[in-house]
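Enquirer: Dropping the structure in here first, questions after.
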Amino acid sequence: MKRLMSGNATLGEAAVLSGCTHYFGYPITPQNELTEYMAKRMPETGGVFIQSESEIAAINMVLGAAAAGARAMTSSSGPGISLKQEGISYLAADELPAVIVNMVRGGPGMGNISASQSDYFQATRGGGHGDYRTLVLAPGSVQELTEVMPLAFDLADKYRNPVVVLGDGMLGQMMEPVDFSGLKRPPDYEKDYILTGAKDRPPRKIHSLIFDTKLQEDHNWKLHRKFQLIEQNEVRHETYLADDAEMIVVAYGIGARIAKGAIKRLRQEGLKVGLLRPVTLWPFPVEMLQGMAKTVNDFFVFEMSAGQMIEDVKLALGGRGRVHFYGRPGGVIPMPVELSRIIARHYYQAQARGRKKQR
Amino acid sequence: MKTIHSRTRLLKEAHFHYCPGCGHGIINRLLMEVIEEMDLQESAICVAPAGCGMLLYNYFEIDVIESAHGRGAAVATGIKRVLPQNLVFSYQGDGDLAAIGTAEGFHAANRGENITVIFVNNGVYGMTGGQMAPTTLLDQVTTTTPTGRNSDLAGHPVRICEVFATLDGACYLERVAVNKPAAVVKAKRAITKAFQRQLDGRGFSLVEILSPCPVNWKMTPHDACAWIDEVVSKRFPLGVAKDVEDGSCS
């Protein structure tokens, strides 16, 4: 049965159905409906909800709960995610699982409360101090949250690493029909590292202070090998009308939703344009792009920012093909028709260049 | 011959990294003695700080997690909310609890989190080389108050017990010292009482411990211990700041 729900509330219900028992958060728009949903829902399911005194406290409560073996999460928007970076770095260093939701808003600074994609760098480059990575999942619809949330908790437990769900103000706020019947609760993992009191076993220590630089280096290489494994195994993406495409639009999250609308229009006009939507932003679908570059020369990156993911596209292509870009930073949400016009202009220019080359 | 006192088996056979005359070693030992005597070694979970206490996981034979600087009470909150039956305590210095982590400690107390904070007040940032702490006394010379702490520039020494005593969620707050044998006995009694309050589910408890830091105070260990009696405890009076059980709240 489908229910009409906001993205934020859907995210909360999907987390509960995924086995999340502890939620810690601090109010910030545009994700407040999630915090409010958890305030009501967690006690109903025997879980714990705490409205913390700050985002810093919330992420450290998550760290404590994860260290004690719970499936724990927190959520915020850009300014609050900046505060959480300290704790995310410690979670990664301590190899503790956690899910962190960022309903991105316009920035930098205080910015505004509209939808934006300006936290891509922060999410995909670690974000906090030190050598580490976080897995980043970018859902594109309310329904998709019912797939992404169990996946996020599963990946967090599987790799003992924080996982970021990168949404935006629009995804959080808009209401869509949603069906939870396909949601599968991720399995419980054997946790031989958690602190429960040293009963019938030697005491356990969880710490990231490693004074011996050689041991710290060993630890960092261990983390690095884990991240390489993630890069090999966990890339996820979606394509749309890409098979015969002469130009590939690369967009993620709500940006991909807008791009789909634009591509639909362009297809009606006979333009061979398709979409590559990375679902995991880290690890990034590098091989997919490289494969596409064998037959496609033009890649059009669309982001609701001044251009961040475009760096990963360029890195993946390594000089192959031509990379076009359209961005709307600051919380502006373009209409599909606007995007379709820009894409069409680039498409025809690329064709003209192609003809010139042939002559 | 009868053994009337021995080293607690919960303290590992490791050399403390603490400086000569430092109070941390005594406090580490007291905690493990109390946990052994209360038979809580299979239940206790310690949250270690950033600061001089950060290596205590090398000494304690119980589960330990290290927290980021100042976040001990938040980490302890997360653990306790998963494992309400376990004894959960954080070990925090004055920079940790009274400066960078004031919000976390204050709000854990205000929520009445059923945890215990062991608050070591030695009036300086010891590990980083003796800079001013929020608890540094007026006119006290540190590396960042080279002419003495001036209240016009650097404010006044923060009294955590008295501040936290105003919070309804705090059930037991006591300030003790470890500068002489009689004081150490009292400190041990306060730690036992705080842990018992937690086991009884009474809410937030905190034991503030005035501790000597002779190296950063530029004193001999003997003079540092005397200074606690003669000067430090004038600003930070010893005793129970709040005990909901016996109704006292000064």
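Following the order of the structure tokens, chains are lettered A, B, ..., residues in each are numbered from 1, and ligands are numbered from 1.
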With only C-alpha atoms as the counted atoms, please give the residues lying no more than 12 Å from Arg235 of chain B, apart from itself and same-chain residues fewer than 4 positions off, as a count of residues only.

Expert: 19

Enquirer: Residues at most 12 Å from Asn28 of chain B, counting only C-alpha atoms, excluding those fewer than 6 positions away in the same chain, as a JSON list (two decimals) with N, CA and C atoms, in the first residue's frame?

Expert:
```
[["chain", "number", "residue", "atom", "x", "y", "z"],
["B", 7, "ARG", "N", 47.78, -3.91, 45.72],
["B", 7, "ARG", "CA", 47.52, -3.23, 44.45],
["B", 7, "ARG", "C", 46.29, -3.85, 43.81],
["B", 8, "THR", "N", 45.40, -3.00, 43.31],
["B", 8, "THR", "CA", 44.20, -3.53, 42.66],
["B", 8, "THR", "C", 44.57, -4.28, 41.38],
["B", 10, "LEU", "N", 42.86, -4.55, 38.85],
["B", 10, "LEU", "CA", 42.28, -3.88, 37.68],
["B", 10, "LEU", "C", 43.21, -2.82, 37.09],
["B", 11, "LEU", "N", 44.34, -2.59, 37.78],
["B", 11, "LEU", "CA", 45.34, -1.67, 37.24],
["B", 11, "LEU", "C", 46.44, -2.52, 36.62],
["B", 12, "LYS", "N", 46.69, -2.31, 35.33],
["B", 12, "LYS", "CA", 47.68, -3.14, 34.64],
["B", 12, "LYS", "C", 49.07, -2.90, 35.22],
["B", 16, "PHE", "N", 52.96, 4.26, 34.67],
["B", 16, "PHE", "CA", 52.20, 5.46, 34.32],
["B", 16, "PHE", "C", 53.10, 6.41, 33.53],
["B", 17, "HIS", "N", 52.49, 7.13, 32.59],
["B", 17, "HIS", "CA", 53.26, 8.14, 31.86],
["B", 17, "HIS", "C", 53.21, 9.49, 32.59],
["B", 18, "TYR", "N", 52.49, 9.54, 33.70],
["B", 18, "TYR", "CA", 52.28, 10.83, 34.37],
["B", 18, "TYR", "C", 53.60, 11.39, 34.95],
["B", 22, "CYS", "N", 52.27, 14.04, 40.02],
["B", 22, "CYS", "CA", 50.95, 14.27, 39.40],
["B", 22, "CYS", "C", 49.86, 13.50, 40.15],
["B", 34, "VAL", "N", 37.86, 1.19, 43.49],
["B", 34, "VAL", "CA", 36.41, 1.27, 43.75],
["B", 34, "VAL", "C", 35.66, 0.27, 42.87],
["B", 35, "ILE", "N", 36.04, 0.20, 41.60],
["B", 35, "ILE", "CA", 35.34, -0.72, 40.69],
["B", 35, "ILE", "C", 35.55, -2.17, 41.12],
["B", 46, "CYS", "N", 34.55, 2.95, 30.57],
["B", 46, "CYS", "CA", 35.15, 4.26, 30.83],
["B", 46, "CYS", "C", 35.30, 5.03, 29.52],
["B", 48, "ALA", "N", 37.51, 7.84, 28.02],
["B", 48, "ALA", "CA", 38.76, 8.57, 28.28],
["B", 48, "ALA", "C", 38.75, 9.89, 27.50],
["B", 52, "CYS", "N", 45.74, 14.83, 29.70],
["B", 52, "CYS", "CA", 46.69, 13.95, 30.39],
["B", 52, "CYS", "C", 46.09, 12.57, 30.66],
["B", 53, "GLY", "N", 44.77, 12.48, 30.75],
["B", 53, "GLY", "CA", 44.15, 11.19, 31.05],
["B", 53, "GLY", "C", 43.92, 10.32, 29.82],
["B", 54, "MET", "N", 44.38, 10.78, 28.67],
["B", 54, "MET", "CA", 43.96, 10.11, 27.43],
["B", 54, "MET", "C", 44.55, 8.72, 27.27],
["B", 55, "LEU", "N", 45.62, 8.41, 27.97],
["B", 55, "LEU", "CA", 46.24, 7.08, 27.82],
["B", 55, "LEU", "C", 45.76, 6.09, 28.87],
["B", 56, "LEU", "N", 44.70, 6.43, 29.60],
["B", 56, "LEU", "CA", 44.34, 5.54, 30.70],
["B", 56, "LEU", "C", 43.84, 4.17, 30.23],
["B", 57, "TYR", "N", 43.56, 4.06, 28.92],
["B", 57, "TYR", "CA", 43.20, 2.73, 28.43],
["B", 57, "TYR", "C", 44.40, 1.78, 28.49],
["B", 58, "ASN", "N", 45.60, 2.35, 28.65],
["B", 58, "ASN", "CA", 46.78, 1.50, 28.84],
["B", 58, "ASN", "C", 46.89, 0.96, 30.27],
["B", 59, "TYR", "N", 46.09, 1.50, 31.18],
["B", 59, "TYR", "CA", 46.23, 1.13, 32.59],
["B", 59, "TYR", "C", 45.02, 0.39, 33.14],
["B", 60, "PHE", "N", 43.83, 0.64, 32.58],
["B", 60, "PHE", "CA", 42.60, 0.10, 33.14],
["B", 60, "PHE", "C", 42.27, -1.27, 32.55],
["B", 61, "GLU", "N", 41.97, -2.21, 33.43],
["B", 61, "GLU", "CA", 41.53, -3.54, 32.97],
["B", 61, "GLU", "C", 40.00, -3.59, 32.86],
["B", 91, "TYR", "N", 36.03, 10.36, 32.14],
["B", 91, "TYR", "CA", 37.16, 10.88, 32.91],
["B", 91, "TYR", "C", 37.62, 12.12, 32.17],
["B", 92, "GLN", "N", 37.48, 13.28, 32.76],
["B", 92, "GLN", "CA", 37.71, 14.52, 32.00],
["B", 92, "GLN", "C", 38.53, 15.53, 32.80],
["B", 118, "ILE", "N", 34.05, 11.90, 36.16],
["B", 118, "ILE", "CA", 35.18, 12.12, 37.05],
["B", 118, "ILE", "C", 35.94, 13.31, 36.48],
["B", 119, "PHE", "N", 35.91, 14.41, 37.21],
["B", 119, "PHE", "CA", 36.40, 15.69, 36.71],
["B", 119, "PHE", "C", 37.70, 16.06, 37.43],
["B", 120, "VAL", "N", 38.80, 15.97, 36.72],
["B", 120, "VAL", "CA", 40.11, 16.24, 37.33],
["B", 120, "VAL", "C", 40.46, 17.71, 37.11],
["B", 178, "VAL", "N", 43.21, 15.18, 46.16],
["B", 178, "VAL", "CA", 44.09, 14.00, 46.36],
["B", 178, "VAL", "C", 45.48, 14.46, 46.78],
["B", 184, "VAL", "N", 42.61, 11.70, 50.10],
["B", 184, "VAL", "CA", 42.49, 10.58, 49.16],
["B", 184, "VAL", "C", 41.39, 9.62, 49.61],
["B", 187, "ALA", "N", 38.18, 11.17, 48.79],
["B", 187, "ALA", "CA", 37.95, 11.12, 47.34],
["B", 187, "ALA", "C", 37.42, 9.75, 46.94],
["B", 188, "LYS", "N", 38.01, 8.73, 47.51],
["B", 188, "LYS", "CA", 37.57, 7.37, 47.20],
["B", 188, "LYS", "C", 36.12, 7.16, 47.63],
["B", 191, "ILE", "N", 33.84, 8.86, 45.09],
["B", 191, "ILE", "CA", 33.71, 8.10, 43.84],
["B", 191, "ILE", "C", 32.75, 6.91, 44.05],
["B", 209, "ILE", "N", 37.83, 16.56, 41.31],
["B", 209, "ILE", "CA", 39.00, 16.21, 42.11],
["B", 209, "ILE", "C", 40.11, 17.24, 41.91],
["B", 211, "SER", "N", 43.63, 18.29, 41.89],
["B", 211, "SER", "CA", 44.77, 17.40, 41.68],
["B", 211, "SER", "C", 46.03, 18.21, 41.43]]
```

Enquirer: Just the residues within 7 Å of segment 137-141 of chain A, please, counting only C-alpha atoms, with nothing from its chain fewer than 6 positions along; format it as a VMD selection string.

Expert: chain A and resid 148 164 to 167 171 252 to 254 256 to 257 279 to 281

Enquirer: So that I can see what lies close to Gly203 of chain B, please list as a PyMOL selection string the residues with an atom at most 9 Å from it, counting only C-alpha atoms and leaving out residues fewer than 5 positions away in the same chain.

Expert: chain B and resi 109+111-116+169-172+197-198

Enquirer: What are the residues of chain B lining chain A at 6 Å or less? Count only C-alpha atoms, and put the answer as a list of chain:residue names.

Expert: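 Every residue of chain B that passes the 6 Å test is in B:Glu42, B:Ser43, B:Ala44, B:Ile45, B:Glu61, B:Ile62, B:Asp63, B:Val64, B:Ile65, B:Glu66, B:Ala74, B:Val75, B:Gly78, B:Ile79, B:Val82.
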
Enquirer: Keeping C-alpha atoms for every residue in the selection just given, could you write it to a file as an mmCIF file, in the first residue's frame?

Expert:
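And here's again-v7.cif as it stands now:
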```cif
data_model
loop_
_atom_site.group_PDB
_atom_site.id
_atom_site.type_symbol
_atom_site.label_atom_id
_atom_site.label_comp_id
_atom_site.auth_asym_id
_atom_site.auth_seq_id
_atom_site.Cartn_x
_atom_site.Cartn_y
_atom_site.Cartn_z
ATOM 1 C CA GLU B 42 32.413 -6.754 34.115
ATOM 2 C CA SER B 43 30.027 -3.841 33.833
ATOM 3 C CA ALA B 44 32.188 -0.713 33.809
ATOM 4 C CA ILE B 45 32.803 1.266 30.616
ATOM 5 C CA GLU B 61 41.533 -3.540 32.967
ATOM 6 C CA ILE B 62 38.006 -2.565 31.922
ATOM 7 C CA ASP B 63 36.398 -1.539 28.623
ATOM 8 C CA VAL B 64 37.562 1.943 27.561
ATOM 9 C CA ILE B 65 36.704 4.235 24.650
ATOM 10 C CA GLU B 66 38.531 7.452 23.933
ATOM 11 C CA ALA B 74 28.021 12.928 24.997
ATOM 12 C CA VAL B 75 29.843 9.672 24.217
ATOM 13 C CA GLY B 78 25.291 7.312 23.766
ATOM 14 C CA ILE B 79 26.747 4.243 25.508
ATOM 15 C CA VAL B 82 22.259 1.494 24.725
#
```

Enquirer: What lies within 8 Å of Pro221 of chain B using only C-alpha atoms, ignoring chain neighbours under 2 positions off, as JSON, numbers by chain?

Expert: {"B": [20, 21, 22, 212, 213, 214, 219, 223, 224, 225]}

Enquirer: Within 10 Å of Trp282 of chain A, counting only C-alpha atoms, which residues show up once you throw out same-chain ones fewer than 4 positions away? Write them as a list in words, please.

Expert: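 Non-adjacent residues within range: Tyr120, Ala123, Thr124, Arg125, Gly126, Arg133, Thr134, Leu135, Val136, Leu137, Ala138, Val163, Val164, Phe227, Ile230, Glu231, Glu234, Val235, Arg236, Pro278 and Asp312 of chain A.
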
Enquirer: Could you please determine the separation between atom CA of Ser340 of chain A and atom CA of Gly7 of chain A in Å, to one decimal place?

Expert: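 Straight-line distance from atom CA of Ser340 of chain A to atom CA of Gly7 of chain A works out to 26.0 Å.
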
Enquirer: Can you list, as a PyMOL selection string, every protein, DNA or RNA residue that comes within 7 Å of Val250 of chain A when you count only C-alpha atoms, leaving out same-chain residues fewer than 6 positions away?

Expert: chain A and resi 275-277+299-302

Enquirer: Emit the selected residues as a compact mmCIF listing (two decimals), in the first residue's frame, including C-alpha atoms.

Expert:
```
# COMPACT_ATOMS: atom_id res chain seq x y z
CA LEU A 275 21.65 10.17 -18.28
CA LEU A 276 24.21 8.69 -15.93
CA ARG A 277 23.11 9.09 -12.32
CA PHE A 299 29.48 14.64 -21.18
CA PHE A 300 27.24 17.30 -19.72
CA VAL A 301 27.53 17.74 -15.95
CA PHE A 302 24.58 19.35 -14.20
```

Enquirer: Once DSSP has gone over the backbone, tell me which residues of segment 142-337 of chain A are in alpha helix (DSSP H), as an MDAnalysis selection string.

Expert: chainID A and resid 145:159 169:173 213:233 253:268 286:292 309:317 336:337

Enquirer: Between B:Thr142, B:Thr102, B:Asn122, B:Thr128, single out the one closest to Lys218 of chain B, counting only C-alpha atoms.

Expert: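 Comparing B:Thr142, B:Thr102, B:Asn122, B:Thr128 against Lys218 of chain B, the winner is B:Thr142.
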
Enquirer: Just list the residues in segment 10-209 of chain A DSSP gives strand (DSSP E) on the backbone, as a PDB file with N, CA, C and O atoms, in the first residue's frame.

Expert:
```pdb
ATOM      1  N   HIS A  22      18.655   3.988  17.665  1.00  0.00           N
ATOM      2  CA  HIS A  22      19.076   5.195  18.375  1.00  0.00           C
ATOM      3  C   HIS A  22      19.228   6.356  17.400  1.00  0.00           C
ATOM      4  O   HIS A  22      19.999   6.265  16.444  1.00  0.00           O
ATOM      5  N   TYR A  23      18.483   7.426  17.668  1.00  0.00           N
ATOM      6  CA  TYR A  23      18.563   8.624  16.845  1.00  0.00           C
ATOM      7  C   TYR A  23      18.926   9.807  17.735  1.00  0.00           C
ATOM      8  O   TYR A  23      18.313  10.025  18.792  1.00  0.00           O
ATOM      9  N   PHE A  24      19.916  10.558  17.322  1.00  0.00           N
ATOM     10  CA  PHE A  24      20.334  11.766  18.055  1.00  0.00           C
ATOM     11  C   PHE A  24      20.390  12.918  17.062  1.00  0.00           C
ATOM     12  O   PHE A  24      21.035  12.804  16.018  1.00  0.00           O
ATOM     13  N   GLY A  25      19.727  14.021  17.351  1.00  0.00           N
ATOM     14  CA  GLY A  25      19.722  15.108  16.376  1.00  0.00           C
ATOM     15  C   GLY A  25      19.425  16.462  16.977  1.00  0.00           C
ATOM     16  O   GLY A  25      19.006  16.582  18.139  1.00  0.00           O
ATOM     17  N   VAL A  48      15.529   4.860  21.103  1.00  0.00           N
ATOM     18  CA  VAL A  48      15.905   6.048  21.879  1.00  0.00           C
ATOM     19  C   VAL A  48      15.985   7.253  20.956  1.00  0.00           C
ATOM     20  O   VAL A  48      16.602   7.195  19.885  1.00  0.00           O
ATOM     21  N   PHE A  49      15.364   8.338  21.372  1.00  0.00           N
ATOM     22  CA  PHE A  49      15.484   9.621  20.684  1.00  0.00           C
ATOM     23  C   PHE A  49      16.019  10.652  21.672  1.00  0.00           C
ATOM     24  O   PHE A  49      15.498  10.776  22.778  1.00  0.00           O
ATOM     25  N   ILE A  50      17.062  11.359  21.292  1.00  0.00           N
ATOM     26  CA  ILE A  50      17.514  12.489  22.117  1.00  0.00           C
ATOM     27  C   ILE A  50      17.675  13.704  21.214  1.00  0.00           C
ATOM     28  O   ILE A  50      18.350  13.641  20.183  1.00  0.00           O
ATOM     29  N   GLN A  51      17.030  14.808  21.601  1.00  0.00           N
ATOM     30  CA  GLN A  51      17.349  16.087  20.964  1.00  0.00           C
ATOM     31  C   GLN A  51      18.563  16.630  21.684  1.00  0.00           C
ATOM     32  O   GLN A  51      18.493  17.032  22.841  1.00  0.00           O
ATOM     33  N   ALA A  72      22.843   3.228  14.959  1.00  0.00           N
ATOM     34  CA  ALA A  72      22.557   4.609  15.355  1.00  0.00           C
ATOM     35  C   ALA A  72      22.709   5.560  14.182  1.00  0.00           C
ATOM     36  O   ALA A  72      23.461   5.289  13.249  1.00  0.00           O
ATOM     37  N   MET A  73      21.973   6.656  14.248  1.00  0.00           N
ATOM     38  CA  MET A  73      22.064   7.652  13.180  1.00  0.00           C
ATOM     39  C   MET A  73      21.844   9.066  13.701  1.00  0.00           C
ATOM     40  O   MET A  73      21.357   9.275  14.816  1.00  0.00           O
ATOM     41  N   THR A  74      22.228  10.019  12.869  1.00  0.00           N
ATOM     42  CA  THR A  74      21.928  11.423  13.129  1.00  0.00           C
ATOM     43  C   THR A  74      21.630  12.069  11.783  1.00  0.00           C
ATOM     44  O   THR A  74      21.898  11.485  10.734  1.00  0.00           O
ATOM     45  N   SER A  75      21.060  13.263  11.823  1.00  0.00           N
ATOM     46  CA  SER A  75      20.770  13.961  10.572  1.00  0.00           C
ATOM     47  C   SER A  75      20.913  15.447  10.789  1.00  0.00           C
ATOM     48  O   SER A  75      20.823  15.937  11.916  1.00  0.00           O
ATOM     49  N   SER A  76      21.140  16.159   9.678  1.00  0.00           N
ATOM     50  CA  SER A  76      21.292  17.608   9.774  1.00  0.00           C
ATOM     51  C   SER A  76      21.270  18.185   8.368  1.00  0.00           C
ATOM     52  O   SER A  76      20.927  17.505   7.403  1.00  0.00           O
ATOM     53  N   ALA A  98      27.944   4.094  11.393  1.00  0.00           N
ATOM     54  CA  ALA A  98      26.960   5.144  11.680  1.00  0.00           C
ATOM     55  C   ALA A  98      26.386   5.634  10.361  1.00  0.00           C
ATOM     56  O   ALA A  98      27.043   5.547   9.326  1.00  0.00           O
ATOM     57  N   VAL A  99      25.162   6.132  10.423  1.00  0.00           N
ATOM     58  CA  VAL A  99      24.558   6.749   9.240  1.00  0.00           C
ATOM     59  C   VAL A  99      24.301   8.220   9.545  1.00  0.00           C
ATOM     60  O   VAL A  99      23.727   8.560  10.578  1.00  0.00           O
ATOM     61  N   ILE A 100      24.770   9.073   8.642  1.00  0.00           N
ATOM     62  CA  ILE A 100      24.628  10.516   8.799  1.00  0.00           C
ATOM     63  C   ILE A 100      23.874  11.055   7.589  1.00  0.00           C
ATOM     64  O   ILE A 100      24.317  10.861   6.449  1.00  0.00           O
ATOM     65  N   VAL A 101      22.734  11.689   7.834  1.00  0.00           N
ATOM     66  CA  VAL A 101      21.927  12.226   6.741  1.00  0.00           C
ATOM     67  C   VAL A 101      22.180  13.725   6.622  1.00  0.00           C
ATOM     68  O   VAL A 101      22.156  14.450   7.619  1.00  0.00           O
ATOM     69  N   ASN A 102      22.442  14.181   5.391  1.00  0.00           N
ATOM     70  CA  ASN A 102      22.609  15.613   5.132  1.00  0.00           C
ATOM     71  C   ASN A 102      21.563  16.044   4.111  1.00  0.00           C
ATOM     72  O   ASN A 102      21.626  15.669   2.945  1.00  0.00           O
ATOM     73  N   MET A 103      20.556  16.801   4.578  1.00  0.00           N
ATOM     74  CA  MET A 103      19.590  17.391   3.658  1.00  0.00           C
ATOM     75  C   MET A 103      20.145  18.761   3.269  1.00  0.00           C
ATOM     76  O   MET A 103      19.912  19.761   3.953  1.00  0.00           O
ATOM     77  N   VAL A 104      20.892  18.766   2.183  1.00  0.00           N
ATOM     78  CA  VAL A 104      21.731  19.919   1.838  1.00  0.00           C
ATOM     79  C   VAL A 104      20.890  21.160   1.522  1.00  0.00           C
ATOM     80  O   VAL A 104      19.853  21.074   0.859  1.00  0.00           O
ATOM     81  N   LEU A 135      31.383   6.506   2.818  1.00  0.00           N
ATOM     82  CA  LEU A 135      30.523   6.135   1.693  1.00  0.00           C
ATOM     83  C   LEU A 135      29.447   7.197   1.581  1.00  0.00           C
ATOM     84  O   LEU A 135      28.938   7.678   2.596  1.00  0.00           O
ATOM     85  N   VAL A 136      29.095   7.572   0.344  1.00  0.00           N
ATOM     86  CA  VAL A 136      28.087   8.613   0.135  1.00  0.00           C
ATOM     87  C   VAL A 136      27.008   8.103  -0.808  1.00  0.00           C
ATOM     88  O   VAL A 136      27.309   7.732  -1.950  1.00  0.00           O
ATOM     89  N   LEU A 137      25.777   8.062  -0.324  1.00  0.00           N
ATOM     90  CA  LEU A 137      24.648   7.613  -1.135  1.00  0.00           C
ATOM     91  C   LEU A 137      23.758   8.810  -1.450  1.00  0.00           C
ATOM     92  O   LEU A 137      23.445   9.605  -0.562  1.00  0.00           O
ATOM     93  N   PRO A 162      31.470   5.177   8.764  1.00  0.00           N
ATOM     94  CA  PRO A 162      30.309   6.062   8.609  1.00  0.00           C
ATOM     95  C   PRO A 162      29.840   6.145   7.157  1.00  0.00           C
ATOM     96  O   PRO A 162      30.658   6.142   6.239  1.00  0.00           O
ATOM     97  N   VAL A 163      28.527   6.199   6.975  1.00  0.00           N
ATOM     98  CA  VAL A 163      27.914   6.323   5.652  1.00  0.00           C
ATOM     99  C   VAL A 163      27.080   7.604   5.631  1.00  0.00           C
ATOM    100  O   VAL A 163      26.284   7.843   6.536  1.00  0.00           O
ATOM    101  N   VAL A 164      27.294   8.424   4.615  1.00  0.00           N
ATOM    102  CA  VAL A 164      26.550   9.674   4.475  1.00  0.00           C
ATOM    103  C   VAL A 164      25.436   9.486   3.447  1.00  0.00           C
ATOM    104  O   VAL A 164      25.685   8.972   2.354  1.00  0.00           O
ATOM    105  N   VAL A 165      24.216   9.868   3.821  1.00  0.00           N
ATOM    106  CA  VAL A 165      23.117   9.927   2.861  1.00  0.00           C
ATOM    107  C   VAL A 165      22.964  11.396   2.478  1.00  0.00           C
ATOM    108  O   VAL A 165      22.620  12.227   3.316  1.00  0.00           O
ATOM    109  N   LEU A 166      23.284  11.687   1.218  1.00  0.00           N
ATOM    110  CA  LEU A 166      23.308  13.074   0.772  1.00  0.00           C
ATOM    111  C   LEU A 166      22.031  13.392  -0.006  1.00  0.00           C
ATOM    112  O   LEU A 166      21.911  13.043  -1.179  1.00  0.00           O
ATOM    113  N   GLY A 167      21.093  14.010   0.683  1.00  0.00           N
ATOM    114  CA  GLY A 167      19.859  14.448   0.040  1.00  0.00           C
ATOM    115  C   GLY A 167      19.922  15.951  -0.183  1.00  0.00           C
ATOM    116  O   GLY A 167      20.996  16.529  -0.334  1.00  0.00           O
ATOM    117  N   ASP A 168      18.782  16.583  -0.187  1.00  0.00           N
ATOM    118  CA  ASP A 168      18.733  18.040  -0.311  1.00  0.00           C
ATOM    119  C   ASP A 168      17.377  18.500   0.198  1.00  0.00           C
ATOM    120  O   ASP A 168      16.491  17.679   0.450  1.00  0.00           O
ATOM    121  N   MET A 175       6.468  15.738  -0.815  1.00  0.00           N
ATOM    122  CA  MET A 175       5.705  14.538  -0.486  1.00  0.00           C
ATOM    123  C   MET A 175       5.460  13.735  -1.756  1.00  0.00           C
ATOM    124  O   MET A 175       5.162  14.293  -2.807  1.00  0.00           O
ATOM    125  N   GLU A 176       5.617  12.422  -1.636  1.00  0.00           N
ATOM    126  CA  GLU A 176       5.365  11.528  -2.765  1.00  0.00           C
ATOM    127  C   GLU A 176       4.739  10.253  -2.222  1.00  0.00           C
ATOM    128  O   GLU A 176       4.930   9.912  -1.054  1.00  0.00           O
ATOM    129  N   PRO A 177       4.037   9.503  -3.082  1.00  0.00           N
ATOM    130  CA  PRO A 177       3.521   8.214  -2.629  1.00  0.00           C
ATOM    131  C   PRO A 177       4.699   7.273  -2.391  1.00  0.00           C
ATOM    132  O   PRO A 177       5.621   7.217  -3.211  1.00  0.00           O
ATOM    133  N   VAL A 178       4.681   6.539  -1.296  1.00  0.00           N
ATOM    134  CA  VAL A 178       5.811   5.665  -0.992  1.00  0.00           C
ATOM    135  C   VAL A 178       5.298   4.327  -0.473  1.00  0.00           C
ATOM    136  O   VAL A 178       4.306   4.254   0.251  1.00  0.00           O
ATOM    137  N   LYS A 205      39.367  -1.991  23.985  1.00  0.00           N
ATOM    138  CA  LYS A 205      39.693  -0.555  23.914  1.00  0.00           C
ATOM    139  C   LYS A 205      39.300  -0.042  22.536  1.00  0.00           C
ATOM    140  O   LYS A 205      39.600  -0.692  21.527  1.00  0.00           O
ATOM    141  N   ILE A 206      38.646   1.100  22.498  1.00  0.00           N
ATOM    142  CA  ILE A 206      38.392   1.764  21.211  1.00  0.00           C
ATOM    143  C   ILE A 206      39.067   3.119  21.280  1.00  0.00           C
ATOM    144  O   ILE A 206      38.725   3.942  22.129  1.00  0.00           O
TER     145      ILE A 206
END
```

Enquirer: Check the smallest atom-to-atom distance from each of A:Met149, A:Leu91, A:Met5, A:Cys20 to Asp188 of chain A using only C-alpha atoms, then report the winner.

Expert: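 So, comparing all the options, the nearest one is A:Cys20.
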
Enquirer: What is the atom CA of His5 of chain B to atom CA of Met32 of chain B distance in Å?

Expert: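 Computed distance, atom CA of His5 of chain B to atom CA of Met32 of chain B, equals 13.7 Å.
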